[in-house]
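Engineer: One structure, pasted below without further comment.
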Amino acid sequence: MCYSINQANIFTMNILRTLIIVLALSTWTSLNAQSPAHYVVQLGSVESLVAADLTHLSDIANVYFEPSTNGANHDAVLGTFDNLQKAEAVTQNMQRKNFPKAYVAPLPIQKGKEVYVIQLASYKNDDQIDWDRFQLNKKVFTTMEQGVFKIVTGIFPDYASALPLQNELYQHGFTTSEVIRVNSIFLHEVNNADITYQQSLHTRGLGSVSEFTAKGGASISRPAEVAPPIVGRVALSKSIAPNINEDLARNAVKNLQSILAVYGTFNAEPNGRYGAKTANAYYAAVQLNPTLKEFGLSVEKNAHISSGYFTDWSDVQLLLAISENISGQKISFVDSELKALISLYTKPKELGSADALMVKEWMIKMNTQLQMRKSTNKIEEETHKAYMLVSAKVQILLEDYYLDKGFPLEQSTNLAKATMYALLVGNHSTI
């Protein structure tokens, strides 16, 4: 078959056209794959953070503040938006109002990296936030997500690296904290302008802006927002749970490990040592079990209130919440129980054999009675299981408290049981 010169030219043009189309499609696909899926609206410099000027912004999206290049003011940022058209519409609306220099900025997701952080709390973008709660002597961030205001801390390369800090935070009342994964590009370090704006959304402000710095806020042992309550006519003072001795093998830890096996978070043979595997298993049980998680939420609401003499420890608070649920009555310490707690906390003495036997028999009797009530459906199985788990953890902490005071293990165990008796007998005095 023969082709004319004209036919050859047409054939060549068709090939070139096809190549151009393929190249264009390839380029478009490549650009589209690299284009960000999230955008923010840069509003420009804000001279003052007055509620009347800025309150309406929280109805649109989360609001963040970044230091201006001149260092005198802050730039307001609105976002994020996962739709370019919506971001552009918001920008046009802002330009017509008080932000004529507003523009859409893409979030370069590809420049970020996957990291692990510890989520301390989650709010809606216009919720009132008690910033005092998050003065941790560590950097605190919020995540730039649409409609959600997550407060997080710590940046770690993997899940396991985050667990020690999660453990520490749990001891300081963040019983519902959890390790989450996030693209680092979405992390915004909290500053005083963010706090001022959040407080301006409401008629009353919480937290101390002046003490909260971009380098991590105030000390973790901050003063309580609410004055310590008066219990039994004695004002209680703040107390902090001890670190657990990981090298000491003991029955209390073995008991905890056996209970964790029931929860399915501990799959090794109990060895009586509270190592990282046991710690991780305990916190996993507390976070993943719906019953424990619900109790944890109720505890976290009042975690800022100082009650003193062991009752500030997050695990003790969790145990008291479960105990109140079982008994159906609020724990209230009478003079004898309060004096016992004060004595055990400030000036513990070796427990006599009669007293040691009394508290041991009381605990055995109580556990037996609780087991019977569970079998007759007077206590929900998950609530009973939660009580056994948390009481085992509390006993370990109390043992370490007295070990740190110089008592041998046997005496520390007796004193731990005496302390639990003083904490719980008011709720279970009939047992």
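Every chain in the structure tokens takes a letter, A first, then B, and so on in the order presented; its residues are numbered from 1, and the ligands are numbered from 1 following the presented order.
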As an MDAnalysis selection string, please: the residues near Ser177 (chain A) (cut-off 7 Å, only C-alpha atoms, same-chain neighbours under 5 positions excluded).
Structural biologist: chainID A and resid 118:120 166
Engineer: The selected residues should be written to file as a short mmCIF file (atom, residue, chain, number, x, y, z; two decimals), in the first residue's frame (atoms: C-alpha atoms).
Structural biologist:
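File written: again.cif
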```cif
data_model
loop_
_atom_site.label_atom_id
_atom_site.label_comp_id
_atom_site.auth_asym_id
_atom_site.auth_seq_id
_atom_site.Cartn_x
_atom_site.Cartn_y
_atom_site.Cartn_z
CA ILE A 118 -0.35 11.86 72.89
CA GLN A 119 -3.87 13.25 72.71
CA LEU A 120 -4.83 14.85 76.01
CA GLN A 166 1.69 8.50 78.35
#
```
Engineer: Between A:Gln198, A:Phe141, A:Ser45, A:Lys405, which one has atoms that come closest to Asn98 (chain A), using only C-alpha atoms?
Structural biologist: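 Among the listed residues, the smallest separation from Asn98 (chain A) belongs to A:Ser45.
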Engineer: Which one is closest to Arg181 (chain A): A:Gly426, A:Pro164, A:Pro408, A:Gly154? Count only C-alpha atoms.
Structural biologist: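 So, comparing all the options, the nearest one is A:Gly154.
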Engineer: How far is it from CA of Thr368 (chain A) to CA of Gly352 (chain A), in Å with one decimal?
Structural biologist: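 Interatomic distance, CA of Thr368 (chain A) to CA of Gly352 (chain A): 24.4 Å.
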Engineer: Which residue gives the smallest distance to Met363 (chain A) among A:Ser343, A:Ser391, A:Thr311, A:Asn280, with only C-alpha atoms counted?
Structural biologist: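 Smallest separation from Met363 (chain A) among the options: A:Ser391.
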Engineer: Just checking: using only C-alpha atoms, which residue out of A:Tyr103, A:Phe65, A:Trp131, A:Tyr123 ends up closest to Val148 (chain A)?
Structural biologist: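 Selected residue with least distance to Val148 (chain A): A:Tyr123.
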Engineer: Which is closer to Glu246 (chain A) than all the others in A:Met372, A:Leu389, A:Leu397, A:Ala340, using only C-alpha atoms?
Structural biologist: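 When distances to Glu246 (chain A) are compared using only C-alpha atoms, the smallest one comes from A:Leu397.
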Engineer: When you count only C-alpha atoms, which of these residues is closest to Val40 (chain A): A:Asn73, A:Ser68, A:Thr376, A:Thr91?
Structural biologist: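 When distances to Val40 (chain A) are compared using only C-alpha atoms, the smallest one comes from A:Thr91.
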Engineer: Work out how far CA of Ala422 (chain A) is from CA of Ser353 (chain A), in Å to one decimal.
Structural biologist: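 That distance, rounded to one decimal, is 17.3 Å.
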Engineer: Measure the distance from CA of Glu189 (chain A) to CA of Gln85 (chain A) in Å and round it to one decimal.
Structural biologist: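 Rounded to one decimal, the two atoms are 27.4 Å apart.
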Engineer: From a DSSP calculation on the backbone, collect every residue of region 80-156 of chain A in helix (DSSP H, G or I) and output the set as JSON, numbers by chain.
Structural biologist: {"A": [84, 85, 86, 87, 88, 89, 90, 91, 92, 93, 94, 95, 96, 109, 110, 111, 131, 132, 133, 134]}
Engineer: Selection from above, C-alpha atoms, as a tab-separated table (two decimals), in the first residue's frame, can you write it?
Structural biologist:
```tsv
chain	number	residue	atom	x	y	z
A	84	LEU	CA	-10.30	24.26	47.61
A	85	GLN	CA	-13.60	25.74	46.46
A	86	LYS	CA	-14.82	26.07	50.05
A	87	ALA	CA	-11.53	27.66	51.14
A	88	GLU	CA	-11.79	30.16	48.28
A	89	ALA	CA	-15.40	30.99	49.16
A	90	VAL	CA	-14.41	31.62	52.80
A	91	THR	CA	-11.51	33.79	51.62
A	92	GLN	CA	-13.77	35.95	49.46
A	93	ASN	CA	-16.14	36.35	52.40
A	94	MET	CA	-13.27	37.38	54.70
A	95	GLN	CA	-11.98	39.87	52.13
A	96	ARG	CA	-15.36	41.61	52.10
A	109	ILE	CA	1.36	17.62	53.34
A	110	GLN	CA	4.20	15.99	51.44
A	111	LYS	CA	6.69	18.02	53.50
A	131	TRP	CA	-5.84	25.82	79.73
A	132	ASP	CA	-4.55	25.46	83.28
A	133	ARG	CA	-5.18	21.77	82.80
A	134	PHE	CA	-2.54	21.57	80.06
```
